[in-house]
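**Student:** Before we start, here is the structure in question, set down as structure tokens.
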Amino acid sequence: MSNKGQSIQDPFLNILRKEHIAVSIYLVNGIKLQGYVESFDQFVLLLKNSVNQMVYKHAISTIVPTRQVRVPYDNEPNDDKTDD
């Protein structure tokens, strides 16, 4: 399996974890979970609120941070170009 698919996911989750940004996580069955990303690996993430929950990534539909998150990644186009 290639790591190319992880080029946005890992930095995004790392920012959420490092900056302690609250998130809402929607599962594929419609359940909404809320808390903070405590840690993650290739298959699961630990969500911390009043209790710790291990959530399998394959069950996640959407992760919504409570504030804007800018994720730098390798293939990002350069926005500093000027038209002369």
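Simple scheme: letters A, B, ... for chains in structure tokens order, numbers from 1 for residues in each chain, numbers from 1 for ligands in the order shown.
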At a cut-off of 8 Å, using only C-alpha atoms, what residues contact Ser61 (chain A)? Leave out same-chain residues fewer than 4 positions from it and give the result as JSON, numbers by chain.

**Tutor:** {"A": [25, 26, 27, 28]}

**Student:** Given only C-alpha atoms as the basis, pick out the residue of A:Ile60, A:Ser50, A:Thr66, A:Pro72 nearest to Ile31 (chain A).

**Tutor:**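 Using only C-alpha atoms, the shortest distance to Ile31 (chain A) belongs to A:Ile60.
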
**Student:** Give me, as a PyMOL selection string, all polymer residues having an atom no more than 8 Å from Asn49 (chain A), counting only C-alpha atoms and skipping those fewer than 5 positions away in the same chain.

**Tutor:** chain A and resi 34-36

**Student:** Store the residues picked out above, limited to C-alpha atoms, as a short mmCIF file (atom, residue, chain, number, x, y, z; two decimals), in the first residue's frame.

**Tutor:**
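Saved as selection.cif:
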data_model
loop_
_atom_site.label_atom_id
_atom_site.label_comp_id
_atom_site.auth_asym_id
_atom_site.auth_seq_id
_atom_site.Cartn_x
_atom_site.Cartn_y
_atom_site.Cartn_z
CA GLN A 34 -17.18 14.90 19.77
CA GLY A 35 -13.86 15.42 21.49
CA TYR A 36 -10.15 15.90 20.87
#
